[in-house]
file run-v5.txt (compact mmCIF, C-alpha atoms)
# COMPACT_ATOMS: atom_id res chain seq x y z
CA MET A 1 -2.23 -53.51 -54.00
CA SER A 2 -4.32 -50.96 -52.18
CA ALA A 3 -3.66 -48.00 -49.95
CA GLN A 4 -4.74 -50.07 -46.95
CA LEU A 5 -2.25 -52.83 -47.74
CA LEU A 6 0.61 -50.34 -47.40
CA GLY A 7 -0.49 -49.54 -43.86
CA LEU A 8 -0.70 -53.15 -42.70
CA HIS A 9 2.62 -53.30 -40.87
CA GLN A 10 2.14 -54.55 -37.35
CA PRO A 11 5.03 -54.52 -34.88
CA GLY A 12 5.61 -57.90 -33.21
CA THR A 13 8.16 -60.34 -31.86
CA THR A 14 7.51 -63.44 -33.96
CA TRP A 15 10.35 -65.19 -35.79
CA LEU A 16 9.01 -63.63 -38.99
CA HIS A 17 9.33 -60.15 -37.46
CA ARG A 18 12.90 -60.83 -36.36
CA LEU A 19 14.02 -62.18 -39.74
CA PRO A 20 16.00 -59.51 -41.67
CA ALA A 21 14.03 -57.70 -44.39
CA GLY A 22 16.55 -58.78 -47.05
CA ALA A 23 16.07 -62.47 -46.17
CA LYS A 24 12.29 -62.05 -46.36
CA LEU A 25 12.51 -60.31 -49.73
CA LEU A 26 14.78 -63.04 -51.10
CA GLY A 27 12.43 -65.65 -49.65
CA LEU A 28 9.47 -64.02 -51.33
CA MET A 29 11.32 -63.94 -54.66
CA ALA A 30 12.32 -67.59 -54.33
CA ALA A 31 8.78 -68.61 -53.30
CA SER A 32 7.36 -66.74 -56.31
CA LEU A 33 9.67 -68.70 -58.62
CA VAL A 34 8.76 -72.03 -57.02
CA VAL A 35 5.03 -71.27 -57.17
CA VAL A 36 5.27 -70.40 -60.86
CA VAL A 37 7.53 -73.34 -61.82
CA VAL A 38 5.77 -76.12 -59.88
CA ARG A 39 2.54 -76.94 -61.74
CA GLY A 40 -0.68 -78.65 -60.71
CA PRO A 41 -3.69 -78.03 -58.43
CA GLY A 42 -2.28 -80.16 -55.59
CA SER A 43 0.84 -78.03 -55.22
CA ALA A 44 -1.27 -74.83 -55.47
CA VAL A 45 -3.40 -75.97 -52.52
CA ALA A 46 -0.21 -76.81 -50.56
CA PHE A 47 1.29 -73.35 -51.30
CA LEU A 48 -1.97 -71.72 -50.24
CA ALA A 49 -2.00 -73.66 -46.97
CA ILE A 50 1.64 -72.74 -46.20
CA ALA A 51 1.03 -69.05 -47.02
CA THR A 52 -2.09 -69.00 -44.82
CA VAL A 53 -0.18 -70.54 -41.89
CA LEU A 54 2.60 -67.93 -42.28
CA LEU A 55 0.12 -65.05 -42.40
CA VAL A 56 -1.74 -66.28 -39.31
CA TRP A 57 1.60 -66.82 -37.53
CA SER A 58 2.63 -63.24 -38.33
CA GLY A 59 -0.20 -62.04 -36.09
CA ALA A 60 -1.97 -60.14 -38.88
CA ARG A 61 -5.33 -58.76 -37.79
CA LEU A 62 -7.82 -60.84 -39.75
CA GLY A 63 -10.53 -58.20 -40.27
CA LEU A 64 -8.11 -55.46 -41.31
CA THR A 65 -6.14 -57.78 -43.59
CA LEU A 66 -9.24 -59.12 -45.32
CA ARG A 67 -10.63 -55.60 -45.79
CA ALA A 68 -7.32 -54.47 -47.33
CA MET A 69 -7.20 -57.52 -49.61
CA ARG A 70 -10.85 -57.57 -50.65
CA TRP A 71 -10.32 -56.16 -54.15
CA LEU A 72 -7.42 -58.49 -54.82
CA LEU A 73 -9.48 -61.45 -53.64
CA LEU A 74 -12.41 -60.31 -55.79
CA THR A 75 -10.07 -60.13 -58.79
CA ALA A 76 -8.82 -63.64 -57.99
CA ALA A 77 -12.42 -64.88 -57.78
CA ILE A 78 -13.28 -63.37 -61.19
CA LEU A 79 -10.11 -64.85 -62.66
CA GLY A 80 -11.05 -68.21 -61.13
CA ALA A 81 -14.56 -68.13 -62.64
CA TRP A 82 -13.11 -67.24 -66.04
CA THR A 83 -10.54 -70.07 -65.83
CA VAL A 84 -13.19 -72.63 -64.79
CA TRP A 85 -15.19 -71.63 -67.87
CA GLN A 86 -12.21 -71.70 -70.21
CA ASN A 87 -10.00 -74.50 -68.84
CA GLY A 88 -11.93 -76.40 -66.17
CA TRP A 89 -11.63 -76.80 -62.38
CA PRO A 90 -8.10 -78.21 -61.98
CA ARG A 91 -6.54 -75.32 -63.89
CA ALA A 92 -8.69 -72.77 -62.02
CA VAL A 93 -7.59 -74.19 -58.63
CA GLU A 94 -3.96 -73.99 -59.77
CA VAL A 95 -4.19 -70.38 -61.07
CA VAL A 96 -6.21 -68.98 -58.17
CA GLY A 97 -4.34 -71.01 -55.54
CA ASP A 98 -0.96 -69.80 -56.80
CA LEU A 99 -2.14 -66.19 -57.09
CA VAL A 100 -3.71 -66.04 -53.62
CA ALA A 101 -0.70 -67.82 -52.08
CA LEU A 102 1.61 -65.13 -53.48
CA ILE A 103 -0.73 -62.35 -52.28
CA LEU A 104 -0.72 -63.87 -48.78
CA LEU A 105 3.07 -64.24 -48.77
CA ALA A 106 3.53 -60.60 -49.88
CA THR A 107 1.03 -59.52 -47.21
CA THR A 108 3.01 -61.47 -44.59
CA LEU A 109 6.09 -59.49 -45.63
CA THR A 110 4.13 -56.23 -45.33
CA VAL A 111 2.70 -57.15 -41.93
CA THR A 112 6.07 -58.12 -40.44
CA THR A 113 8.38 -55.52 -42.04
CA PRO A 114 8.34 -51.69 -41.95
CA VAL A 115 8.60 -50.06 -45.39
CA ASP A 116 11.92 -48.35 -44.55
CA GLU A 117 13.53 -51.72 -43.75
CA VAL A 118 12.39 -53.08 -47.13
CA LEU A 119 13.85 -50.01 -48.86
CA ASP A 120 17.13 -50.35 -46.95
CA ALA A 121 17.29 -54.01 -47.99
CA VAL A 122 16.73 -53.02 -51.64
CA ALA A 123 19.50 -50.39 -51.36
CA ARG A 124 21.88 -52.92 -49.79
CA GLY A 125 21.04 -55.56 -52.36
CA LEU A 126 21.87 -53.15 -55.16
CA GLN A 127 25.25 -52.10 -53.70
CA PRO A 128 27.24 -54.41 -56.04
CA LEU A 129 25.64 -52.63 -59.02
CA ARG A 130 27.30 -49.37 -57.95
CA ARG A 131 30.31 -50.51 -60.00
CA VAL A 132 28.21 -50.36 -63.18
CA GLY A 133 26.86 -46.90 -62.40
CA VAL A 134 23.65 -47.77 -60.49
CA ASP A 135 22.98 -45.53 -57.48
CA PRO A 136 21.34 -47.88 -54.90
CA GLU A 137 19.98 -45.01 -52.81
CA ALA A 138 18.36 -43.46 -55.86
CA VAL A 139 16.73 -46.81 -56.73
CA ALA A 140 15.51 -47.20 -53.13
CA LEU A 141 14.10 -43.67 -53.28
CA ALA A 142 12.36 -44.56 -56.56
CA PHE A 143 10.77 -47.58 -54.82
CA SER A 144 9.69 -45.33 -51.98
CA LEU A 145 8.17 -42.83 -54.38
CA MET A 146 6.36 -45.65 -56.15
CA LEU A 147 4.89 -46.87 -52.86
CA ARG A 148 4.03 -43.28 -51.91
CA ALA A 149 2.29 -42.80 -55.27
CA ILE A 150 -0.13 -45.69 -54.77
CA PRO A 151 -2.32 -44.20 -52.01
CA THR A 152 -2.02 -40.75 -53.60
CA THR A 153 -3.21 -42.09 -56.95
CA ILE A 154 -6.09 -43.93 -55.30
CA MET A 155 -7.06 -40.70 -53.52
CA LEU A 156 -6.97 -38.78 -56.82
CA ALA A 157 -9.13 -41.48 -58.47
CA GLU A 158 -11.67 -41.23 -55.65
CA GLU A 159 -11.74 -37.42 -55.83
CA SER A 160 -12.19 -37.53 -59.63
CA ARG A 161 -15.01 -40.05 -59.20
CA ASP A 162 -16.70 -37.86 -56.55
CA ALA A 163 -16.37 -34.78 -58.79
CA ALA A 164 -18.01 -36.67 -61.67
CA LEU A 165 -20.76 -37.90 -59.32
CA ALA A 166 -21.40 -34.36 -58.06
CA ARG A 167 -21.95 -33.23 -61.64
CA GLY A 168 -24.25 -36.16 -62.41
CA LEU A 169 -21.66 -37.60 -64.79
CA GLU A 170 -21.00 -40.86 -62.94
CA ARG A 171 -21.60 -42.88 -66.13
CA SER A 172 -19.19 -40.83 -68.23
CA PRO A 173 -15.74 -42.47 -68.43
CA ARG A 174 -14.43 -39.22 -69.94
CA ALA A 175 -15.57 -37.13 -66.95
CA ARG A 176 -13.82 -39.52 -64.59
CA LEU A 177 -10.73 -40.46 -66.56
CA ILE A 178 -9.51 -37.18 -68.08
CA PRO A 179 -9.40 -35.15 -64.82
CA PHE A 180 -7.84 -38.16 -63.11
CA VAL A 181 -5.04 -38.51 -65.67
CA ILE A 182 -4.37 -34.75 -65.69
CA ARG A 183 -4.17 -34.66 -61.89
CA VAL A 184 -1.88 -37.68 -61.75
CA VAL A 185 0.48 -36.03 -64.25
CA ALA A 186 0.29 -32.71 -62.33
CA ARG A 187 1.06 -34.52 -59.07
CA ALA A 188 4.03 -36.26 -60.70
CA ARG A 189 5.34 -32.87 -61.84
CA ASP A 190 4.87 -31.39 -58.36
CA THR A 191 6.76 -34.31 -56.84
CA GLY A 192 9.53 -33.83 -59.40
CA ASP A 193 9.71 -30.13 -58.47
CA ALA A 194 9.86 -31.01 -54.78
CA LEU A 195 12.70 -33.49 -55.35
CA HIS A 196 14.53 -30.95 -57.47
CA ALA A 197 14.07 -28.25 -54.83
CA ARG A 198 15.48 -30.60 -52.17
CA GLY A 199 18.56 -31.17 -54.29
CA ILE A 200 17.80 -34.85 -54.90
CA GLY A 201 19.48 -35.91 -58.11
CA ASP A 202 22.04 -33.09 -57.98
CA MET B 1 22.11 -11.58 -44.93
CA SER B 2 22.02 -13.28 -48.33
CA GLU B 3 21.69 -11.43 -51.59
CA ILE B 4 19.38 -12.34 -54.45
CA HIS B 5 20.02 -10.54 -57.68
CA LEU B 6 17.88 -10.71 -60.82
CA GLU B 7 19.40 -9.10 -63.88
CA GLN B 8 17.02 -8.33 -66.74
CA VAL B 9 15.27 -11.66 -66.26
CA THR B 10 12.53 -12.72 -68.64
CA VAL B 11 10.57 -15.98 -68.50
CA THR B 12 8.58 -17.20 -71.47
CA VAL B 13 6.79 -20.50 -72.08
CA PRO B 14 6.00 -22.08 -75.45
CA THR B 15 2.36 -22.12 -76.53
CA HIS B 16 0.63 -23.69 -79.54
CA ASP B 17 0.90 -20.39 -81.43
CA GLY B 18 4.34 -19.19 -80.34
CA GLU B 19 5.28 -18.24 -76.80
CA ARG B 20 3.81 -16.44 -73.81
CA GLU B 21 5.70 -14.12 -71.50
CA ILE B 22 5.23 -15.05 -67.83
CA LEU B 23 7.70 -12.54 -66.44
CA HIS B 24 8.69 -9.37 -68.26
CA GLU B 25 12.28 -8.09 -68.11
CA THR B 26 12.85 -7.77 -64.36
CA THR B 27 15.84 -6.44 -62.43
CA LEU B 28 15.83 -6.74 -58.63
CA HIS B 29 18.30 -6.74 -55.77
CA LEU B 30 16.85 -8.41 -52.69
CA VAL B 31 18.78 -8.10 -49.43
CA GLU B 32 16.05 -7.61 -46.82
CA GLN B 33 15.32 -10.42 -44.37
CA ARG B 34 11.61 -10.83 -45.11
CA ILE B 35 10.48 -10.16 -48.64
CA VAL B 36 6.90 -10.75 -49.70
CA LEU B 37 5.47 -11.17 -53.19
CA ILE B 38 1.78 -10.36 -53.55
CA GLY B 39 -0.51 -10.07 -56.53
CA PRO B 40 -3.43 -11.73 -58.32
CA ASN B 41 -3.46 -15.40 -59.38
CA GLY B 42 -1.42 -15.99 -62.52
CA SER B 43 0.47 -12.72 -62.14
CA GLY B 44 3.94 -14.32 -62.22
CA LYS B 45 4.83 -14.11 -58.51
CA SER B 46 5.35 -17.88 -58.13
CA THR B 47 7.49 -17.85 -61.28
CA LEU B 48 9.58 -15.06 -59.77
CA ALA B 49 9.99 -17.04 -56.54
CA ARG B 50 10.87 -20.25 -58.39
CA LEU B 51 13.67 -18.49 -60.27
CA VAL B 52 15.58 -18.20 -57.01
CA ASN B 53 16.43 -21.90 -56.77
CA GLY B 54 16.20 -22.79 -60.44
CA LEU B 55 12.84 -24.54 -60.41
CA VAL B 56 11.99 -22.17 -63.25
CA PRO B 57 14.90 -21.26 -65.53
CA ALA B 58 15.27 -17.69 -66.80
CA THR B 59 14.69 -17.47 -70.55
CA THR B 60 16.93 -14.41 -70.75
CA GLY B 61 18.99 -12.57 -68.13
CA ARG B 62 20.49 -14.19 -65.05
CA VAL B 63 19.72 -14.88 -61.41
CA LEU B 64 22.47 -14.74 -58.79
CA VAL B 65 22.24 -15.97 -55.20
CA ASP B 66 25.12 -14.79 -53.06
CA GLY B 67 27.05 -14.31 -56.28
CA LEU B 68 26.31 -17.85 -57.54
CA ASP B 69 24.65 -18.14 -60.95
CA VAL B 70 21.51 -20.26 -60.57
CA ALA B 71 21.77 -21.57 -64.14
CA ARG B 72 25.42 -22.65 -63.89
CA GLU B 73 25.83 -23.42 -60.19
CA GLY B 74 22.37 -24.79 -59.45
CA ARG B 75 23.61 -27.50 -57.11
CA ASP B 76 25.37 -25.03 -54.83
CA VAL B 77 22.44 -22.64 -55.01
CA ARG B 78 19.95 -25.34 -53.96
CA ARG B 79 22.08 -26.06 -50.90
CA ARG B 80 21.60 -22.44 -49.88
CA VAL B 81 17.96 -22.05 -50.89
CA GLY B 82 15.21 -24.10 -49.26
CA PHE B 83 11.79 -24.24 -50.89
CA MET B 84 8.39 -24.74 -49.32
CA PHE B 85 5.41 -25.59 -51.53
CA THR B 86 1.71 -24.80 -51.15
CA ASP B 87 0.67 -28.43 -50.80
CA PRO B 88 2.84 -30.34 -48.30
CA SER B 89 1.67 -33.69 -49.67
CA ALA B 90 3.62 -32.98 -52.87
CA GLN B 91 6.71 -32.14 -50.86
CA LEU B 92 6.71 -35.04 -48.40
CA VAL B 93 8.10 -37.98 -50.33
CA MET B 94 9.06 -40.58 -47.73
CA PRO B 95 6.65 -42.92 -45.91
CA THR B 96 7.13 -41.54 -42.39
CA ALA B 97 7.86 -38.13 -40.87
CA ARG B 98 11.25 -39.21 -39.50
CA GLU B 99 12.38 -40.64 -42.85
CA ASP B 100 11.29 -37.53 -44.69
CA VAL B 101 13.38 -35.25 -42.48
CA ALA B 102 16.24 -37.79 -42.70
CA LEU B 103 16.07 -37.56 -46.50
CA SER B 104 16.82 -33.84 -46.21
CA LEU B 105 19.80 -34.61 -43.97
CA ARG B 106 21.37 -37.29 -46.18
CA ARG B 107 24.22 -35.00 -47.31
CA GLN B 108 25.11 -33.57 -43.91
CA VAL B 109 24.92 -36.86 -41.96
CA ARG B 110 26.21 -39.95 -43.78
CA ASP B 111 25.58 -42.51 -41.01
CA LYS B 112 21.96 -43.66 -41.15
CA ALA B 113 21.40 -44.23 -37.42
CA GLU B 114 22.87 -40.81 -36.66
CA ARG B 115 20.75 -39.28 -39.42
CA LEU B 116 17.54 -40.73 -37.99
CA ALA B 117 18.51 -39.48 -34.51
CA SER B 118 19.14 -36.00 -35.97
CA ALA B 119 15.75 -36.17 -37.70
CA ASP B 120 14.11 -36.90 -34.33
CA ARG B 121 15.82 -33.85 -32.84
CA VAL B 122 14.59 -31.68 -35.73
CA LEU B 123 11.04 -33.01 -35.26
CA ALA B 124 11.24 -32.17 -31.54
CA ASP B 125 12.47 -28.64 -32.36
CA PHE B 126 9.30 -28.11 -34.39
CA GLY B 127 6.98 -29.55 -31.76
CA LEU B 128 6.54 -32.78 -33.70
CA GLU B 129 7.84 -35.18 -31.04
CA GLY B 130 6.06 -38.49 -31.33
CA PHE B 131 5.39 -37.96 -35.03
CA GLY B 132 8.51 -39.84 -36.18
CA ASP B 133 6.76 -43.10 -37.06
CA ARG B 134 3.58 -41.39 -38.26
CA SER B 135 2.74 -41.94 -41.93
CA VAL B 136 2.94 -38.68 -43.86
CA HIS B 137 -0.55 -39.56 -45.22
CA ALA B 138 -1.98 -39.47 -41.72
CA LEU B 139 -0.94 -35.87 -41.03
CA SER B 140 -3.39 -32.98 -41.05
CA GLY B 141 -2.73 -30.03 -43.37
CA GLY B 142 -1.12 -28.00 -40.58
CA GLU B 143 1.03 -30.91 -39.35
CA GLY B 144 2.08 -31.69 -42.94
CA GLN B 145 3.14 -28.10 -43.59
CA LEU B 146 4.99 -27.99 -40.27
CA LEU B 147 6.81 -31.18 -41.24
CA ALA B 148 7.61 -29.73 -44.67
CA LEU B 149 9.08 -26.65 -42.97
CA ALA B 150 11.08 -28.86 -40.57
CA GLY B 151 12.43 -30.87 -43.52
CA VAL B 152 13.53 -27.75 -45.37
CA LEU B 153 15.08 -25.94 -42.40
CA ALA B 154 16.87 -29.11 -41.22
CA THR B 155 19.47 -28.48 -43.92
CA GLU B 156 20.08 -24.96 -42.55
CA PRO B 157 19.67 -23.03 -45.81
CA SER B 158 20.48 -19.33 -45.83
CA ILE B 159 17.32 -18.49 -47.81
CA LEU B 160 13.82 -19.95 -47.61
CA VAL B 161 11.41 -19.47 -50.49
CA ALA B 162 7.82 -20.24 -49.47
CA ASP B 163 5.22 -20.39 -52.24
CA GLU B 164 1.79 -19.73 -50.71
CA PRO B 165 2.55 -21.95 -47.69
CA THR B 166 -0.63 -21.02 -45.81
CA THR B 167 -3.17 -21.11 -48.66
CA LEU B 168 -4.50 -24.60 -47.84
CA LEU B 169 -4.52 -24.13 -44.06
CA ASP B 170 -7.26 -23.18 -41.63
CA LEU B 171 -6.98 -19.91 -39.75
CA GLY B 172 -5.21 -21.34 -36.70
CA ASN B 173 -2.62 -23.29 -38.67
CA SER B 174 -2.20 -20.42 -41.12
CA ARG B 175 -1.29 -18.08 -38.23
CA LYS B 176 1.00 -20.70 -36.68
CA ILE B 177 2.94 -21.39 -39.90
CA GLY B 178 2.97 -17.69 -40.83
CA GLY B 179 4.35 -16.76 -37.41
CA LEU B 180 7.03 -19.44 -37.63
CA LEU B 181 8.09 -18.27 -41.09
CA LEU B 182 8.41 -14.66 -40.01
CA GLY B 183 10.51 -15.72 -37.01
CA ILE B 184 13.16 -17.76 -38.82
CA PRO B 185 16.68 -16.32 -38.95
CA GLN B 186 17.02 -17.10 -42.68
CA GLN B 187 16.20 -14.65 -45.45
CA LEU B 188 12.58 -15.31 -46.42
CA VAL B 189 10.99 -14.88 -49.84
CA LEU B 190 7.29 -15.37 -49.23
CA VAL B 191 4.55 -15.61 -51.86
CA THR B 192 1.17 -15.09 -50.27
CA HIS B 193 -2.40 -13.84 -50.60
CA ASP B 194 -2.49 -13.25 -46.85
CA LEU B 195 -2.12 -9.47 -46.67
CA GLU B 196 -2.01 -9.52 -42.86
CA LEU B 197 1.08 -11.71 -43.07
CA ALA B 198 2.50 -9.64 -45.92
CA ALA B 199 2.22 -6.47 -43.82
CA ARG B 200 4.67 -7.95 -41.29
CA CYS B 201 7.48 -8.32 -43.86
CA ASP B 202 10.30 -5.84 -44.55
CA ARG B 203 9.77 -5.34 -48.26
CA ALA B 204 6.83 -6.04 -50.54
CA LEU B 205 6.65 -6.50 -54.29
CA LEU B 206 3.34 -6.33 -56.10
CA VAL B 207 3.50 -8.52 -59.20
CA ARG B 208 0.83 -8.07 -61.84
CA GLY B 209 0.74 -9.14 -65.48
CA GLY B 210 4.28 -10.49 -65.30
CA ARG B 211 5.76 -7.20 -64.08
CA VAL B 212 6.78 -5.85 -60.69
CA GLU B 213 4.23 -3.06 -60.48
CA ARG B 214 5.14 -1.75 -57.01
CA ASP B 215 8.16 -2.35 -54.80
CA GLY B 216 8.61 -0.86 -51.36
CA ILE B 217 7.31 -0.69 -47.81
CA PRO B 218 4.60 -3.37 -47.31
CA ALA B 219 1.95 -0.97 -45.93
CA GLU B 220 2.15 1.24 -49.04
CA VAL B 221 2.33 -1.62 -51.55
CA ILE B 222 -0.58 -3.42 -49.89
CA GLU B 223 -2.65 -0.23 -49.84
CA HIS B 224 -2.02 0.24 -53.57
CA TYR B 225 -2.97 -3.40 -54.21
CA ARG B 226 -6.20 -3.04 -52.22
CA ARG B 227 -7.18 0.07 -54.18
CA THR B 228 -6.44 -1.41 -57.59
CA ALA B 229 -7.39 -5.09 -57.18
call {"tool": "encode", "arguments": {"input": "run-v5.txt", "output": "structure tokens"}}
result
Amino acid sequence: MSAQLLGLHQPGTTWLHRLPAGAKLLGLMAASLVVVVVRGPGSAVAFLAIATVLLVWSGARLGLTLRAMRWLLLTAAILGAWTVWQNGWPRAVEVVGDLVALILLATTLTVTTPVDEVLDAVARGLQPLRRVGVDPEAVALAFSLMLRAIPTTIMLAEESRDAALARGLERSPRARLIPFVIRVVARARDTGDALHARGIGD
Amino acid sequence: MSEIHLEQVTVTVPTHDGEREILHETTLHLVEQRIVLIGPNGSGKSTLARLVNGLVPATTGRVLVDGLDVAREGRDVRRRVGFMFTDPSAQLVMPTAREDVALSLRRQVRDKAERLASADRVLADFGLEGFGDRSVHALSGGEGQLLALAGVLATEPSILVADEPTTLLDLGNSRKIGGLLLGIPQQLVLVTHDLELAARCDRALLVRGGRVERDGIPAEVIEHYRRTA
């Protein structure tokens, strides 16, 4: 996932937009199970075709979506090349087809559903667990913080990379990694302080 | 006006060779409306401010806010004391401006739709109409700090602690946020390097080397700080 993917939501009036967030989440979970359980390159191509149709139907802006997904697609391509080398074409089509189909389905959810609706659906879905001591709102907040942390972490990685570049240390993993890890931990502590100060968890 | 009372408070932190004292035995009674803490970096002024809502626990001594012990009644104290951080991006934890203010209001307003409507009213009060759906990542430094202030004051605390709230802002935004802070009806404990802003408070404390070196009228404390910095 990238920072851009989180900002892909696009208001609309399609059937996919009108479907409740909880139904879409459940659908995505069910589709993930089916994609993993059903084996073979033929089914992978079918899943990919269905996912592509859904994404196009959602009205996703092609250029923006592709730009946001480029690193995921590159990863899928590398994985595909590796699988061709190790296990041959049919297996590679199955692995990459399944992976990209799931990415497209998740992107369709992101395009058609605001983040707060997803979080509300998570909180509602966890309501029955209140009886065993789970606080659904706290879990939903944890999801939100996780989503919030992704672009922040990417920003910190980019700043650490730029700082290493500015010092001529672009080839030093230590110069890039150590400041990055320290800043991520510091940011996590700051966020914890902010939550504490706002009385969250009291 | 609220009362903040520090009674022989010491703060120490563990180090690899023992412990280091961040704040030396300090006793204070703060009742003025606008109190400013000034001093060099690493002097202990942020630690002193953070004691007020329990973000930093006292190693010895005790801190009372309106008679409530911060160590034992932290939950009640945090309902009275709002806190504003230097970097708003650490403070804003929800995806959009409206949701972030609504998070602050979750205790006062149980119904979600009503809470979001209240959040919109708070945003409007702070001149942030139209920002409700805006991602908190897309806000400028000044807008982010304004939203952070809106989120804190939405809960109507009786005290606001602001830890260098203008340090990361440009001159215009710094003046805007500073002016807003000085105009709030709540008791304000402000940590700042902005001596112009500090001069407009009612009481100033110069913190240096973990001790309150001067305590009094801002003009005199600032003058002493300028001479000895």
call {"tool": "interface_residues", "arguments": {"input": "run-v5.txt", "of": "chain A", "to": "chain B", "cutoff": "7 Å", "atoms": "only C-alpha atoms", "output": "ChimeraX atom specification"}}
result
/A:144-145,148,187,190-191,193-194,197-199,202
call {"tool": "axis_aligned_box", "arguments": {"input": "run-v5.txt", "around": "range 21-31 of chain A", "padding_each_side": "3 Å", "output": "lines of an AutoDock Vina configuration file"}}
result
center_x = 12.7
center_y = -63.2
center_z = -49.5
size_x = 13.8
size_y = 16.9
size_z = 16.3
call {"tool": "residues_around", "arguments": {"input": "run-v5.txt", "residues": "Ser160 in chain A", "least_positions_apart": "2", "cutoff": "12 Å", "atoms": "only C-alpha atoms", "output": "VMD selection string"}}
result
chain A and resid 153 to 158 162 to 167 169 to 170 172 to 184
call {"tool": "atom_distance", "arguments": {"input": "run-v5.txt", "atom1": "CA of Ser158 in chain B", "atom2": "CA of Ser2 in chain B"}}
result
6.7 Å
call {"tool": "closest_residue", "arguments": {"input": "run-v5.txt", "among": "B:Thr59, B:Gly67, B:His224, B:Asp163", "to": "Glu19 in chain B", "atoms": "only C-alpha atoms"}}
result
B:Thr59
call {"tool": "residues_around", "arguments": {"input": "run-v5.txt", "residues": "range 103-112 of chain A", "least_positions_apart": "6", "cutoff": "6 Å", "atoms": "all atoms listed in the file", "output": "ChimeraX atom specification"}}
result
/A:8-10,17,51,55
call {"tool": "closest_residue", "arguments": {"input": "run-v5.txt", "among": "B:Gly39, B:Pro57, B:Glu7, B:Arg121", "to": "Thr26 in chain B", "atoms": "all atoms listed in the file"}}
result
B:Glu7
call {"tool": "residues_around", "arguments": {"input": "run-v5.txt", "residues": "range 114-119 of chain A", "least_positions_apart": "3", "cutoff": "6 Å", "atoms": "all atoms listed in the file", "output": "mmCIF file with C-alpha atoms, in the frame of the given file"}}
result
data_model
loop_
_atom_site.group_PDB
_atom_site.id
_atom_site.type_symbol
_atom_site.label_atom_id
_atom_site.label_comp_id
_atom_site.auth_asym_id
_atom_site.auth_seq_id
_atom_site.Cartn_x
_atom_site.Cartn_y
_atom_site.Cartn_z
ATOM 1 C CA ALA A 21 14.030 -57.700 -44.390
ATOM 2 C CA VAL A 122 16.730 -53.020 -51.640
ATOM 3 C CA ALA A 140 15.510 -47.200 -53.130
#
call {"tool": "atom_distance", "arguments": {"input": "run-v5.txt", "atom1": "CA of Ala97 in chain B", "atom2": "CA of Glu159 in chain A"}}
result
24.7 Å
call {"tool": "atom_distance", "arguments": {"input": "run-v5.txt", "atom1": "CA of Leu64 in chain B", "atom2": "CA of Gln8 in chain B"}}
result
11.6 Å
call {"tool": "residues_near_point", "arguments": {"input": "run-v5.txt", "point": "(-0.1, -70.4, -57.8)", "cutoff": "10 Å", "atoms": "all atoms listed in the file", "output": "JSON, numbers by chain"}}
result
{"A": [32, 33, 34, 35, 36, 37, 38, 39, 40, 41, 43, 44, 45, 46, 47, 48, 92, 93, 94, 95, 96, 97, 98, 99, 100, 101, 102, 103]}
call {"tool": "residues_near_point", "arguments": {"input": "run-v5.txt", "point": "(8.8, -12.6, -65.0)", "cutoff": "8 Å", "atoms": "all atoms listed in the file", "output": "ChimeraX atom specification"}}
result
/B:9-12,21-26,44-45,47-48,210-211
call {"tool": "residues_around", "arguments": {"input": "run-v5.txt", "residues": "Pro185 in chain B", "least_positions_apart": "3", "cutoff": "12 Å", "atoms": "all atoms listed in the file", "output": "ChimeraX atom specification"}}
result
/B:1-2,32-34,153,156-160,180-182,188
call {"tool": "closest_residue", "arguments": {"input": "run-v5.txt", "among": "B:Gln145, B:Ala124, B:Val63, B:Ser46", "to": "Val191 in chain B", "atoms": "only C-alpha atoms"}}
result
B:Ser46
call {"tool": "residues_around", "arguments": {"input": "run-v5.txt", "residues": "Ile222 in chain B", "least_positions_apart": "4", "cutoff": "12 Å", "atoms": "only C-alpha atoms", "output": "number ranges by chain"}}
result
B: 36-39, 192-201, 203-207, 213-218, 226-229
call {"tool": "build_atoms", "arguments": {"input": "run-v5.txt", "residues": "range 36-43 of chain B", "atoms": "N, CA and C atoms", "output": "mmCIF file, in the frame of the given file"}}
result
data_model
loop_
_atom_site.group_PDB
_atom_site.id
_atom_site.type_symbol
_atom_site.label_atom_id
_atom_site.label_comp_id
_atom_site.auth_asym_id
_atom_site.auth_seq_id
_atom_site.Cartn_x
_atom_site.Cartn_y
_atom_site.Cartn_z
ATOM 1 N N VAL B 36 8.173 -10.111 -49.347
ATOM 2 C CA VAL B 36 6.900 -10.750 -49.700
ATOM 3 C C VAL B 36 6.501 -10.380 -51.129
ATOM 4 N N LEU B 37 5.984 -11.395 -51.849
ATOM 5 C CA LEU B 37 5.470 -11.170 -53.190
ATOM 6 C C LEU B 37 3.961 -11.321 -53.145
ATOM 7 N N ILE B 38 3.249 -10.283 -53.524
ATOM 8 C CA ILE B 38 1.780 -10.360 -53.550
ATOM 9 C C ILE B 38 1.305 -10.044 -54.961
ATOM 10 N N GLY B 39 0.042 -10.337 -55.208
ATOM 11 C CA GLY B 39 -0.510 -10.070 -56.530
ATOM 12 C C GLY B 39 -1.597 -11.076 -56.868
ATOM 13 N N PRO B 40 -2.334 -10.823 -57.949
ATOM 14 C CA PRO B 40 -3.430 -11.730 -58.320
ATOM 15 C C PRO B 40 -2.913 -13.098 -58.764
ATOM 16 N N ASN B 41 -3.828 -14.084 -58.851
ATOM 17 C CA ASN B 41 -3.460 -15.400 -59.380
ATOM 18 C C ASN B 41 -2.955 -15.251 -60.811
ATOM 19 N N GLY B 42 -1.934 -16.007 -61.144
ATOM 20 C CA GLY B 42 -1.420 -15.990 -62.520
ATOM 21 C C GLY B 42 -0.640 -14.739 -62.870
ATOM 22 N N SER B 43 -0.216 -13.989 -61.852
ATOM 23 C CA SER B 43 0.470 -12.720 -62.140
ATOM 24 C C SER B 43 1.971 -12.905 -62.407
#
